[in-house]
file work.cif (mmCIF, C-alpha atoms)
data_structure
loop_
_atom_site.group_PDB
_atom_site.id
_atom_site.type_symbol
_atom_site.label_atom_id
_atom_site.label_comp_id
_atom_site.auth_asym_id
_atom_site.auth_seq_id
_atom_site.Cartn_x
_atom_site.Cartn_y
_atom_site.Cartn_z
ATOM 1 C CA GLN B 9 -14.171 -20.141 28.430
ATOM 2 C CA ALA B 10 -13.775 -16.356 27.978
ATOM 3 C CA ARG B 11 -11.562 -16.219 31.078
ATOM 4 C CA ARG B 12 -9.458 -19.156 29.874
ATOM 5 C CA ASP B 13 -8.957 -17.500 26.468
ATOM 6 C CA THR B 14 -8.076 -14.198 28.178
ATOM 7 C CA GLU B 15 -5.504 -16.031 30.336
ATOM 8 C CA LYS B 16 -3.874 -17.478 27.206
ATOM 9 C CA ASN B 17 -3.590 -14.057 25.595
ATOM 10 C CA HIS B 18 -2.318 -12.469 28.818
ATOM 11 C CA SER B 19 0.381 -15.084 29.436
ATOM 12 C CA ALA B 20 1.396 -14.871 25.771
ATOM 13 C CA THR B 21 1.883 -11.080 26.247
ATOM 14 C CA HIS B 22 4.504 -11.815 28.936
ATOM 15 C CA LEU B 23 6.272 -14.283 26.631
ATOM 16 C CA LEU B 24 6.065 -11.759 23.774
ATOM 17 C CA GLN B 25 7.669 -8.962 25.793
ATOM 18 C CA LYS B 26 10.634 -11.176 26.748
ATOM 19 C CA ALA B 27 10.924 -12.475 23.161
ATOM 20 C CA LEU B 28 10.999 -8.890 21.805
ATOM 21 C CA LYS B 29 13.750 -7.939 24.280
ATOM 22 C CA THR B 30 15.703 -11.014 23.162
ATOM 23 C CA VAL B 31 15.252 -10.383 19.413
ATOM 24 C CA LEU B 32 15.329 -6.552 19.276
ATOM 25 C CA GLY B 33 17.303 -5.540 22.379
ATOM 26 C CA SER B 34 16.903 -4.472 25.988
ATOM 27 C CA HIS B 35 15.521 -1.029 24.976
ATOM 28 C CA VAL B 36 12.139 -2.675 24.290
ATOM 29 C CA GLU B 37 9.713 -1.510 26.945
ATOM 30 C CA GLN B 38 5.962 -1.973 27.283
ATOM 31 C CA LYS B 39 4.000 1.170 26.398
ATOM 32 C CA GLY B 40 0.539 -0.328 26.667
ATOM 33 C CA SER B 41 -1.369 -3.555 26.134
ATOM 34 C CA LEU B 42 -4.848 -4.916 25.600
ATOM 35 C CA VAL B 43 -5.899 -8.450 26.429
ATOM 36 C CA THR B 44 -9.300 -9.822 25.393
ATOM 37 C CA PRO B 45 -10.599 -13.388 24.951
ATOM 38 C CA ASP B 46 -10.063 -13.259 21.169
ATOM 39 C CA ARG B 47 -6.742 -11.413 20.756
ATOM 40 C CA LEU B 48 -3.869 -9.497 22.343
ATOM 41 C CA ARG B 49 -2.337 -6.146 21.516
ATOM 42 C CA PHE B 50 1.091 -5.052 22.727
ATOM 43 C CA ASP B 51 2.611 -1.570 22.331
ATOM 44 C CA PHE B 52 6.351 -1.221 22.856
ATOM 45 C CA ALA B 53 9.258 1.180 22.461
ATOM 46 C CA HIS B 54 11.280 0.526 19.309
ATOM 47 C CA PHE B 55 12.814 2.953 16.794
ATOM 48 C CA GLN B 56 11.904 1.272 13.472
ATOM 49 C CA ALA B 57 9.545 -1.206 11.822
ATOM 50 C CA MET B 58 10.348 -4.837 12.539
ATOM 51 C CA THR B 59 11.628 -6.814 9.558
ATOM 52 C CA PRO B 60 9.718 -9.948 8.454
ATOM 53 C CA GLU B 61 12.685 -11.969 9.792
ATOM 54 C CA GLU B 62 12.459 -10.300 13.236
ATOM 55 C CA ILE B 63 8.705 -10.932 13.381
ATOM 56 C CA ALA B 64 9.217 -14.600 12.418
ATOM 57 C CA GLU B 65 12.017 -14.995 14.984
ATOM 58 C CA THR B 66 9.898 -13.418 17.763
ATOM 59 C CA GLU B 67 6.910 -15.616 16.917
ATOM 60 C CA ALA B 68 9.079 -18.746 16.799
ATOM 61 C CA LEU B 69 10.630 -17.923 20.199
ATOM 62 C CA VAL B 70 7.211 -17.470 21.858
ATOM 63 C CA ASN B 71 5.983 -20.761 20.338
ATOM 64 C CA LYS B 72 9.167 -22.509 21.512
ATOM 65 C CA GLU B 73 8.465 -21.438 25.114
ATOM 66 C CA ILE B 74 4.811 -22.514 24.743
ATOM 67 C CA GLN B 75 5.943 -25.975 23.545
ATOM 68 C CA ALA B 76 8.489 -26.096 26.412
ATOM 69 C CA ALA B 77 5.495 -26.353 28.808
ATOM 70 C CA LEU B 78 6.934 -23.904 31.327
ATOM 71 C CA PRO B 79 5.216 -23.832 34.727
ATOM 72 C CA VAL B 80 3.629 -20.434 35.518
ATOM 73 C CA GLU B 81 4.139 -19.482 39.163
ATOM 74 C CA THR B 82 2.931 -16.479 41.135
ATOM 75 C CA ASN B 83 4.642 -15.229 44.287
ATOM 76 C CA VAL B 84 3.831 -12.246 46.486
ATOM 77 C CA MET B 85 7.013 -10.565 47.718
ATOM 78 C CA ASP B 86 8.488 -7.285 48.858
ATOM 79 C CA ILE B 87 9.013 -4.762 46.011
ATOM 80 C CA GLU B 88 12.789 -4.511 46.590
ATOM 81 C CA GLU B 89 13.153 -8.287 46.738
ATOM 82 C CA ALA B 90 11.134 -8.563 43.472
ATOM 83 C CA LYS B 91 13.351 -6.044 41.685
ATOM 84 C CA LYS B 92 16.502 -7.832 42.901
ATOM 85 C CA SER B 93 15.134 -11.110 41.504
ATOM 86 C CA GLY B 94 15.105 -9.455 38.045
ATOM 87 C CA ALA B 95 11.318 -9.122 37.694
ATOM 88 C CA MET B 96 10.298 -6.720 34.929
ATOM 89 C CA ALA B 97 8.308 -3.726 36.153
ATOM 90 C CA LEU B 98 6.391 -1.109 34.191
ATOM 91 C CA PHE B 99 8.436 2.095 34.049
ATOM 92 C CA GLY B 100 6.711 4.973 35.856
ATOM 93 C CA GLU B 101 4.116 2.671 37.477
ATOM 94 C CA LYS B 102 3.478 3.093 41.231
ATOM 95 C CA TYR B 103 3.633 -0.245 43.078
ATOM 96 C CA ASP B 104 2.631 -1.174 46.630
ATOM 97 C CA GLN B 105 5.206 -2.475 49.110
ATOM 98 C CA LYS B 106 4.043 -6.027 48.431
ATOM 99 C CA VAL B 107 3.865 -7.079 44.782
ATOM 100 C CA ARG B 108 2.825 -10.165 42.803
ATOM 101 C CA VAL B 109 5.538 -11.685 40.624
ATOM 102 C CA VAL B 110 4.547 -13.965 37.726
ATOM 103 C CA SER B 111 7.326 -16.308 36.512
ATOM 104 C CA MET B 112 7.243 -18.551 33.449
ATOM 105 C CA GLY B 113 10.087 -21.026 33.935
ATOM 106 C CA ASP B 114 13.413 -19.195 33.671
ATOM 107 C CA PHE B 115 12.217 -17.316 30.577
ATOM 108 C CA SER B 116 9.968 -14.530 31.889
ATOM 109 C CA LYS B 117 9.504 -12.797 35.228
ATOM 110 C CA GLU B 118 7.202 -9.763 35.573
ATOM 111 C CA LEU B 119 5.293 -7.843 38.210
ATOM 112 C CA CYS B 120 1.631 -8.504 37.400
ATOM 113 C CA GLY B 121 -1.732 -8.708 39.127
ATOM 114 C CA GLY B 122 -3.637 -10.359 36.279
ATOM 115 C CA THR B 123 -5.002 -13.774 35.466
ATOM 116 C CA HIS B 124 -2.696 -16.362 33.809
ATOM 117 C CA VAL B 125 -2.512 -19.957 32.585
ATOM 118 C CA LYS B 126 -0.941 -22.530 34.932
ATOM 119 C CA ASN B 127 1.434 -23.796 32.254
ATOM 120 C CA THR B 128 2.550 -22.156 28.987
ATOM 121 C CA SER B 129 1.487 -25.274 27.019
ATOM 122 C CA SER B 130 -2.158 -24.223 27.674
ATOM 123 C CA ILE B 131 -1.597 -21.296 25.256
ATOM 124 C CA MET B 132 -1.281 -23.935 22.472
ATOM 125 C CA LEU B 133 -0.209 -21.602 19.644
ATOM 126 C CA PHE B 134 0.867 -17.991 19.065
ATOM 127 C CA LYS B 135 0.561 -16.005 15.829
ATOM 128 C CA ILE B 136 1.533 -12.370 15.116
ATOM 129 C CA VAL B 137 -0.999 -10.954 12.623
ATOM 130 C CA SER B 138 0.268 -7.364 12.372
ATOM 131 C CA GLU B 139 3.090 -5.018 13.374
ATOM 132 C CA ALA B 140 2.802 -1.256 12.835
ATOM 133 C CA GLY B 141 3.866 2.135 14.159
ATOM 134 C CA ILE B 142 1.314 4.061 16.250
ATOM 135 C CA ALA B 143 3.480 6.999 17.426
ATOM 136 C CA ALA B 144 7.079 8.191 17.204
ATOM 137 C CA GLY B 145 9.240 5.379 18.582
ATOM 138 C CA VAL B 146 6.230 3.201 19.485
ATOM 139 C CA ARG B 147 5.262 0.014 17.612
ATOM 140 C CA ARG B 148 2.133 -2.138 17.998
ATOM 141 C CA ILE B 149 1.831 -5.900 17.634
ATOM 142 C CA GLU B 150 -1.536 -7.644 17.317
ATOM 143 C CA ALA B 151 -1.500 -11.389 17.905
ATOM 144 C CA LEU B 152 -3.675 -14.458 18.476
ATOM 145 C CA THR B 153 -3.374 -17.566 20.634
ATOM 146 C CA GLY B 154 -4.939 -21.021 20.936
ATOM 147 C CA ASN B 155 -8.141 -21.563 18.963
ATOM 148 C CA GLY B 156 -7.852 -18.015 17.607
ATOM 149 C CA VAL B 157 -4.791 -19.157 15.613
ATOM 150 C CA ILE B 158 -6.643 -22.228 14.298
ATOM 151 C CA GLU B 159 -9.569 -20.022 13.195
ATOM 152 C CA TYR B 160 -7.120 -17.567 11.578
ATOM 153 C CA TYR B 161 -5.539 -20.325 9.489
ATOM 154 C CA LYS B 162 -8.984 -21.686 8.549
ATOM 155 C CA LYS B 163 -9.860 -18.245 7.126
ATOM 156 C CA GLN B 164 -6.498 -18.011 5.332
ATOM 157 C CA GLU B 165 -7.070 -21.462 3.830
ATOM 158 C CA ALA B 166 -10.599 -20.521 2.711
ATOM 159 C CA MET B 167 -9.247 -17.367 1.031
ATOM 160 C CA LEU B 168 -6.521 -19.378 -0.709
ATOM 161 C CA HIS B 169 -9.105 -21.884 -2.028
ATOM 162 C CA GLU B 170 -11.297 -18.994 -3.208
ATOM 163 C CA ALA B 171 -8.323 -17.445 -5.053
ATOM 164 C CA ALA B 172 -7.418 -20.838 -6.552
ATOM 165 C CA LYS B 173 -11.026 -21.317 -7.720
ATOM 166 C CA ALA B 174 -11.025 -17.862 -9.375
ATOM 167 C CA LEU B 175 -7.746 -18.743 -11.102
ATOM 168 C CA LYS B 176 -9.027 -22.223 -12.061
ATOM 169 C CA ALA B 177 -5.974 -23.747 -10.386
ATOM 170 C CA GLN B 178 -4.963 -25.891 -7.407
ATOM 171 C CA PRO B 179 -3.992 -23.939 -4.223
ATOM 172 C CA ALA B 180 -0.350 -24.999 -4.671
ATOM 173 C CA GLU B 181 -0.327 -23.479 -8.185
ATOM 174 C CA VAL B 182 -1.723 -20.022 -7.237
ATOM 175 C CA ALA B 183 1.611 -18.125 -7.225
ATOM 176 C CA GLU B 184 2.700 -19.738 -10.499
ATOM 177 C CA LYS B 185 -0.665 -18.960 -12.128
ATOM 178 C CA ILE B 186 -0.495 -15.289 -11.010
ATOM 179 C CA THR B 187 3.017 -14.939 -12.488
ATOM 180 C CA HIS B 188 1.730 -16.450 -15.752
ATOM 181 C CA LEU B 189 -1.267 -14.061 -15.810
ATOM 182 C CA GLN B 190 0.943 -11.034 -15.105
ATOM 183 C CA ALA B 191 3.168 -11.971 -18.059
ATOM 184 C CA GLU B 192 0.056 -12.389 -20.221
ATOM 185 C CA VAL B 193 -1.300 -8.970 -19.176
ATOM 186 C CA LYS B 194 2.069 -7.359 -19.948
ATOM 187 C CA SER B 195 2.133 -8.964 -23.379
ATOM 188 C CA LEU B 196 -1.465 -7.868 -24.120
ATOM 189 C CA GLN B 197 -0.717 -4.302 -22.948
ATOM 190 C CA SER B 198 2.255 -4.178 -25.278
ATOM 191 C CA GLU B 199 0.129 -5.528 -28.154
ATOM 192 C CA ASN B 200 -2.594 -2.978 -27.328
ATOM 193 C CA GLU B 201 -0.090 -0.088 -27.391
ATOM 194 C CA SER B 202 1.248 -1.326 -30.731
ATOM 195 C CA LEU B 203 -2.281 -1.515 -32.213
ATOM 196 C CA LYS B 204 -3.120 1.970 -30.898
ATOM 197 C CA SER B 205 0.049 3.287 -32.495
ATOM 198 C CA LYS B 206 -0.897 1.643 -35.821
ATOM 199 C CA LEU B 207 -4.395 3.114 -35.552
ATOM 200 C CA ALA B 208 -2.939 6.560 -34.939
ATOM 201 C CA GLN B 209 -0.545 6.059 -37.862
ATOM 202 C CA GLY B 210 -3.487 5.050 -40.054
ATOM 203 C CA SER B 211 -5.310 8.275 -39.288
ATOM 204 C CA LEU B 212 -2.213 10.340 -40.184
ATOM 205 C CA GLY B 213 -3.027 10.308 -43.911
ATOM 206 C CA ASP B 214 -6.579 11.615 -43.439
ATOM 207 C CA ILE B 215 -5.463 14.262 -40.976
ATOM 208 C CA MET B 216 -2.816 15.730 -43.297
ATOM 209 C CA ASN B 217 -5.618 16.939 -45.614
ATOM 210 C CA GLN B 218 -6.926 19.183 -42.837
ATOM 211 C CA ILE B 219 -4.022 21.687 -42.806
ATOM 212 C CA VAL B 220 -5.215 25.299 -43.039
ATOM 213 C CA ASP B 221 -3.314 28.562 -43.313
ATOM 214 C CA VAL B 222 -3.851 31.059 -40.491
ATOM 215 C CA LYS B 223 -2.136 34.379 -41.308
ATOM 216 C CA GLY B 224 0.780 32.540 -42.896
ATOM 217 C CA VAL B 225 1.063 29.924 -40.122
ATOM 218 C CA LYS B 226 0.131 26.328 -40.925
ATOM 219 C CA LEU B 227 -2.484 24.886 -38.539
ATOM 220 C CA LEU B 228 -3.417 21.258 -38.326
ATOM 221 C CA ALA B 229 -6.410 20.852 -35.964
ATOM 222 C CA ALA B 230 -8.115 17.454 -35.855
ATOM 223 C CA LYS B 231 -10.144 15.018 -33.756
ATOM 224 C CA VAL B 232 -8.964 11.406 -33.359
ATOM 225 C CA GLU B 233 -10.697 8.439 -31.711
ATOM 226 C CA GLY B 234 -9.468 6.025 -29.042
ATOM 227 C CA VAL B 235 -5.961 7.436 -28.550
ATOM 228 C CA ASP B 236 -4.702 7.965 -24.972
ATOM 229 C CA MET B 237 -2.498 10.866 -23.870
ATOM 230 C CA ASN B 238 0.756 9.016 -24.625
ATOM 231 C CA GLY B 239 -0.502 8.064 -28.094
ATOM 232 C CA LEU B 240 -1.632 11.646 -28.653
ATOM 233 C CA ARG B 241 1.846 12.981 -27.853
ATOM 234 C CA ASP B 242 3.451 10.486 -30.277
ATOM 235 C CA LEU B 243 0.942 11.427 -32.969
ATOM 236 C CA GLY B 244 1.557 15.142 -32.319
ATOM 237 C CA ASP B 245 5.327 14.673 -32.725
ATOM 238 C CA GLN B 246 4.859 12.835 -36.015
ATOM 239 C CA LEU B 247 2.451 15.447 -37.396
ATOM 240 C CA LYS B 248 4.705 18.317 -36.342
ATOM 241 C CA GLU B 249 7.533 16.656 -38.248
ATOM 242 C CA LYS B 250 5.336 16.198 -41.335
ATOM 243 C CA ILE B 251 4.110 19.811 -41.473
ATOM 244 C CA GLY B 252 7.640 21.160 -40.901
ATOM 245 C CA GLU B 253 6.693 24.488 -39.305
ATOM 246 C CA GLY B 254 3.325 25.373 -37.773
ATOM 247 C CA VAL B 255 0.826 24.473 -35.063
ATOM 248 C CA VAL B 256 -0.776 21.096 -34.282
ATOM 249 C CA VAL B 257 -3.967 20.828 -32.184
ATOM 250 C CA LEU B 258 -5.387 17.364 -31.460
ATOM 251 C CA ALA B 259 -8.497 16.229 -29.556
ATOM 252 C CA ALA B 260 -8.927 12.554 -28.648
ATOM 253 C CA VAL B 261 -12.216 11.225 -27.298
ATOM 254 C CA ASN B 262 -11.617 8.409 -24.843
ATOM 255 C CA GLY B 263 -14.150 6.793 -22.480
ATOM 256 C CA GLY B 264 -16.395 9.826 -22.008
ATOM 257 C CA LYS B 265 -13.477 12.251 -21.675
ATOM 258 C CA VAL B 266 -11.479 14.416 -24.051
ATOM 259 C CA ASN B 267 -7.682 14.634 -24.123
ATOM 260 C CA LEU B 268 -6.285 17.731 -25.822
ATOM 261 C CA LEU B 269 -2.813 18.494 -27.117
ATOM 262 C CA ALA B 270 -1.285 21.576 -28.755
ATOM 263 C CA MET B 271 2.206 21.922 -30.225
ATOM 264 C CA ALA B 272 3.873 24.943 -31.825
ATOM 265 C CA THR B 273 7.182 24.921 -33.731
ATOM 266 C CA ASP B 274 9.850 27.622 -33.241
ATOM 267 C CA ALA B 275 8.817 29.613 -36.333
ATOM 268 C CA ALA B 276 5.138 29.521 -35.259
ATOM 269 C CA GLN B 277 6.099 30.788 -31.790
ATOM 270 C CA LYS B 278 8.077 33.655 -33.338
ATOM 271 C CA ALA B 279 4.886 34.592 -35.221
ATOM 272 C CA GLY B 280 3.027 34.738 -31.890
ATOM 273 C CA ALA B 281 1.652 31.196 -31.455
ATOM 274 C CA HIS B 282 1.556 29.981 -27.819
ATOM 275 C CA ALA B 283 0.536 26.334 -27.262
ATOM 276 C CA GLY B 284 -0.322 26.890 -23.556
ATOM 277 C CA ASN B 285 -2.710 29.787 -24.214
ATOM 278 C CA LEU B 286 -4.160 28.069 -27.268
ATOM 279 C CA ILE B 287 -5.031 24.914 -25.331
ATOM 280 C CA LYS B 288 -6.639 26.985 -22.571
ATOM 281 C CA GLY B 289 -9.139 28.440 -25.035
ATOM 282 C CA VAL B 290 -9.817 25.102 -26.722
ATOM 283 C CA ALA B 291 -10.227 23.223 -23.391
ATOM 284 C CA ALA B 292 -12.830 25.717 -22.136
ATOM 285 C CA ILE B 293 -15.192 24.586 -24.942
ATOM 286 C CA VAL B 294 -15.107 20.927 -23.787
ATOM 287 C CA GLY B 295 -15.614 21.875 -20.126
ATOM 288 C CA GLY B 296 -12.030 21.450 -19.094
ATOM 289 C CA GLY B 297 -8.807 23.250 -18.347
ATOM 290 C CA GLY B 298 -5.093 22.973 -18.729
ATOM 291 C CA GLY B 299 -2.122 24.820 -20.066
ATOM 292 C CA GLY B 300 1.557 24.536 -20.617
ATOM 293 C CA ARG B 301 4.626 25.865 -22.331
ATOM 294 C CA PRO B 302 4.657 27.940 -25.570
ATOM 295 C CA ASN B 303 5.886 24.884 -27.545
ATOM 296 C CA MET B 304 3.724 22.126 -25.999
ATOM 297 C CA ALA B 305 0.617 21.959 -23.823
ATOM 298 C CA GLN B 306 -2.010 19.428 -22.859
ATOM 299 C CA ALA B 307 -5.440 19.540 -21.250
ATOM 300 C CA GLY B 308 -8.524 17.480 -20.510
ATOM 301 C CA GLY B 309 -12.258 18.013 -20.804
ATOM 302 C CA LYS B 310 -15.459 16.255 -19.788
ATOM 303 C CA ASN B 311 -17.760 17.061 -22.737
ATOM 304 C CA PRO B 312 -16.739 14.771 -25.633
ATOM 305 C CA GLU B 313 -19.746 15.872 -27.730
ATOM 306 C CA LYS B 314 -18.110 19.305 -28.087
ATOM 307 C CA ALA B 315 -14.750 17.940 -29.332
ATOM 308 C CA ASP B 316 -15.472 18.907 -32.982
ATOM 309 C CA GLU B 317 -16.467 22.428 -31.933
ATOM 310 C CA ALA B 318 -13.261 22.759 -29.883
ATOM 311 C CA VAL B 319 -11.113 21.659 -32.851
ATOM 312 C CA LYS B 320 -12.870 24.196 -35.129
ATOM 313 C CA ALA B 321 -12.297 26.983 -32.594
ATOM 314 C CA ALA B 322 -8.504 26.493 -32.713
ATOM 315 C CA ALA B 323 -8.136 28.573 -35.911
ATOM 316 C CA GLY B 324 -9.911 31.608 -34.411
ATOM 317 C CA ILE B 325 -7.843 31.476 -31.201
ATOM 318 C CA LEU B 326 -4.592 31.089 -33.172
ATOM 319 C CA GLU B 327 -5.563 33.995 -35.459
ATOM 320 C CA GLN B 328 -5.730 36.325 -32.436
ATOM 321 C CA GLN B 329 -2.247 35.220 -31.341
ATOM 322 C CA ILE B 330 -0.465 35.829 -34.693
ATOM 323 C CA HIS B 331 1.136 39.278 -34.962
#

call {"tool": "encode", "arguments": {"input": "work.cif", "output": "structure tokens"}}
result
Amino acid sequence: QARRDTEKNHSATHLLQKALKTVLGSHVEQKGSLVTPDRLRFDFAHFQAMTPEEIAETEALVNKEIQAALPVETNVMDIEEAKKSGAMALFGEKYDQKVRVVSMGDFSKELCGGTHVKNTSSIMLFKIVSEAGIAAGVRRIEALTGNGVIEYYKKQEAMLHEAAKALKAQPAEVAEKITHLQAEVKSLQSENESLKSKLAQGSLGDIMNQIVDVKGVKLLAAKVEGVDMNGLRDLGDQLKEKIGEGVVVLAAVNGGKVNLLAMATDAAQKAGAHAGNLIKGVAAIVGGGGGGRPNMAQAGGKNPEKADEAVKAAAGILEQQIH
């Protein structure tokens, strides 16, 4: 049985090489191959990845020649006579004076010493399962034949049924159900962002009471909950607008991590405030790092329990910066 399966894969390799030359061009040349009872691998010269259409066309052509039930004949002949007959030889390979030529109808003719089926119909089916690059200008095709193809489709079918079961749908409805779920996720994400924004807006009022004066520069340093980096930036922009001129430092605790943001207006920068250096000092307290420009900087930290301490430290760091 192992030999019969190997024969199927080997004969299919000959059909594949001719099919590739037909679909991609005469530059296709074998660079290596592997034939086992359960699969075949074929390496060939080609300058770019095959398109899905080219793969489908190649596969269809091999299957057409399998269905055509071509007789497979072997003849031993003189090397020159073999080359004149148009038999494909491996470039750079050394051949004896007498060679074995394997022909599959009028479709394929190659020099080969290996074991083959007696008729292409014995191959039953051919399926390309992957096509990839393995070196510059060399592509690799992995394929299956016969019962290997039937087993492959059984596995594909089982996976489809598993996916359908997870989606609580019929196999035919899987794609439609996924599209529906993707739309639902998008809508929920949008709703989530909107709620986060409202939450951040809601905390604006409380935060505004925390403005302090540091050597004539207004500082608003505060901790907020459950706001991601994007939300923190939006909140920072709004607060900066509300305080007019000054420095904003925000710490947001999110899933065991801390996101930090510092912003300094033009007047605050003229007084010596530097958002990048400020955030560096604050981030160190929560076990993190970061930096940025004088007007805006962000950082992260891994000790959320020290977020309050970091916020409190902002005033001292800013004080050292002011002229």

call {"tool": "resolve_selection", "arguments": {"input": "work.cif", "expression": "the PyMOL selection byres ((chain B and resi 309) around 6)", "output": "PyMOL selection string"}}
result
chain B and resi 265-266+294-296+308+310-311

call {"tool": "closest_atom_pairs", "arguments": {"input": "work.cif", "of": "range 221-254 of chain B", "to": "range 274-289 of chain B", "cutoff": "8 Å", "atoms": "all atoms listed in the file", "output": "CSV"}}
result
residue,atom,partner,partner_atom,distance
B:Val225,CA,B:Ala276,CA,6.4
B:Glu253,CA,B:Ala275,CA,6.3
B:Gly254,CA,B:Ala276,CA,5.2

call {"tool": "atom_distance", "arguments": {"input": "work.cif", "atom1": "CA of Glu233 in chain B", "atom2": "CA of Arg301 in chain B"}}
result
25.0 Å

call {"tool": "resolve_selection", "arguments": {"input": "work.cif", "expression": "the PyMOL selection byres ((chain B and resi 144-150) around 12)", "output": "PyMOL selection string"}}
result
chain B and resi 17+20-21+24-25+28+35-44+46-58+63+66-67+134-143+151-153

call {"tool": "write_last_selection", "arguments": {"input": "work.cif", "atoms": "C-alpha atoms", "output": "PDB file, in the frame of the given file"}}
result
ATOM      1  CA  ASN B  17      -3.590 -14.057  25.595  1.00  0.00           C
ATOM      2  CA  ALA B  20       1.396 -14.871  25.771  1.00  0.00           C
ATOM      3  CA  THR B  21       1.883 -11.080  26.247  1.00  0.00           C
ATOM      4  CA  LEU B  24       6.065 -11.759  23.774  1.00  0.00           C
ATOM      5  CA  GLN B  25       7.669  -8.962  25.793  1.00  0.00           C
ATOM      6  CA  LEU B  28      10.999  -8.890  21.805  1.00  0.00           C
ATOM      7  CA  HIS B  35      15.521  -1.029  24.976  1.00  0.00           C
ATOM      8  CA  VAL B  36      12.139  -2.675  24.290  1.00  0.00           C
ATOM      9  CA  GLU B  37       9.713  -1.510  26.945  1.00  0.00           C
ATOM     10  CA  GLN B  38       5.962  -1.973  27.283  1.00  0.00           C
ATOM     11  CA  LYS B  39       4.000   1.170  26.398  1.00  0.00           C
ATOM     12  CA  GLY B  40       0.539  -0.328  26.667  1.00  0.00           C
ATOM     13  CA  SER B  41      -1.369  -3.555  26.134  1.00  0.00           C
ATOM     14  CA  LEU B  42      -4.848  -4.916  25.600  1.00  0.00           C
ATOM     15  CA  VAL B  43      -5.899  -8.450  26.429  1.00  0.00           C
ATOM     16  CA  THR B  44      -9.300  -9.822  25.393  1.00  0.00           C
ATOM     17  CA  ASP B  46     -10.063 -13.259  21.169  1.00  0.00           C
ATOM     18  CA  ARG B  47      -6.742 -11.413  20.756  1.00  0.00           C
ATOM     19  CA  LEU B  48      -3.869  -9.497  22.343  1.00  0.00           C
ATOM     20  CA  ARG B  49      -2.337  -6.146  21.516  1.00  0.00           C
ATOM     21  CA  PHE B  50       1.091  -5.052  22.727  1.00  0.00           C
ATOM     22  CA  ASP B  51       2.611  -1.570  22.331  1.00  0.00           C
ATOM     23  CA  PHE B  52       6.351  -1.221  22.856  1.00  0.00           C
ATOM     24  CA  ALA B  53       9.258   1.180  22.461  1.00  0.00           C
ATOM     25  CA  HIS B  54      11.280   0.526  19.309  1.00  0.00           C
ATOM     26  CA  PHE B  55      12.814   2.953  16.794  1.00  0.00           C
ATOM     27  CA  GLN B  56      11.904   1.272  13.472  1.00  0.00           C
ATOM     28  CA  ALA B  57       9.545  -1.206  11.822  1.00  0.00           C
ATOM     29  CA  MET B  58      10.348  -4.837  12.539  1.00  0.00           C
ATOM     30  CA  ILE B  63       8.705 -10.932  13.381  1.00  0.00           C
ATOM     31  CA  THR B  66       9.898 -13.418  17.763  1.00  0.00           C
ATOM     32  CA  GLU B  67       6.910 -15.616  16.917  1.00  0.00           C
ATOM     33  CA  PHE B 134       0.867 -17.991  19.065  1.00  0.00           C
ATOM     34  CA  LYS B 135       0.561 -16.005  15.829  1.00  0.00           C
ATOM     35  CA  ILE B 136       1.533 -12.370  15.116  1.00  0.00           C
ATOM     36  CA  VAL B 137      -0.999 -10.954  12.623  1.00  0.00           C
ATOM     37  CA  SER B 138       0.268  -7.364  12.372  1.00  0.00           C
ATOM     38  CA  GLU B 139       3.090  -5.018  13.374  1.00  0.00           C
ATOM     39  CA  ALA B 140       2.802  -1.256  12.835  1.00  0.00           C
ATOM     40  CA  GLY B 141       3.866   2.135  14.159  1.00  0.00           C
ATOM     41  CA  ILE B 142       1.314   4.061  16.250  1.00  0.00           C
ATOM     42  CA  ALA B 143       3.480   6.999  17.426  1.00  0.00           C
ATOM     43  CA  ALA B 151      -1.500 -11.389  17.905  1.00  0.00           C
ATOM     44  CA  LEU B 152      -3.675 -14.458  18.476  1.00  0.00           C
ATOM     45  CA  THR B 153      -3.374 -17.566  20.634  1.00  0.00           C
TER      46      THR B 153
END

call {"tool": "resolve_selection", "arguments": {"input": "work.cif", "expression": "the PyMOL selection byres ((chain B and resi 94) around 12)", "output": "count of residues only"}}
result
19

call {"tool": "atom_distance", "arguments": {"input": "work.cif", "atom1": "CA of Asn127 in chain B", "atom2": "CA of Leu78 in chain B"}}
result
5.6 Å
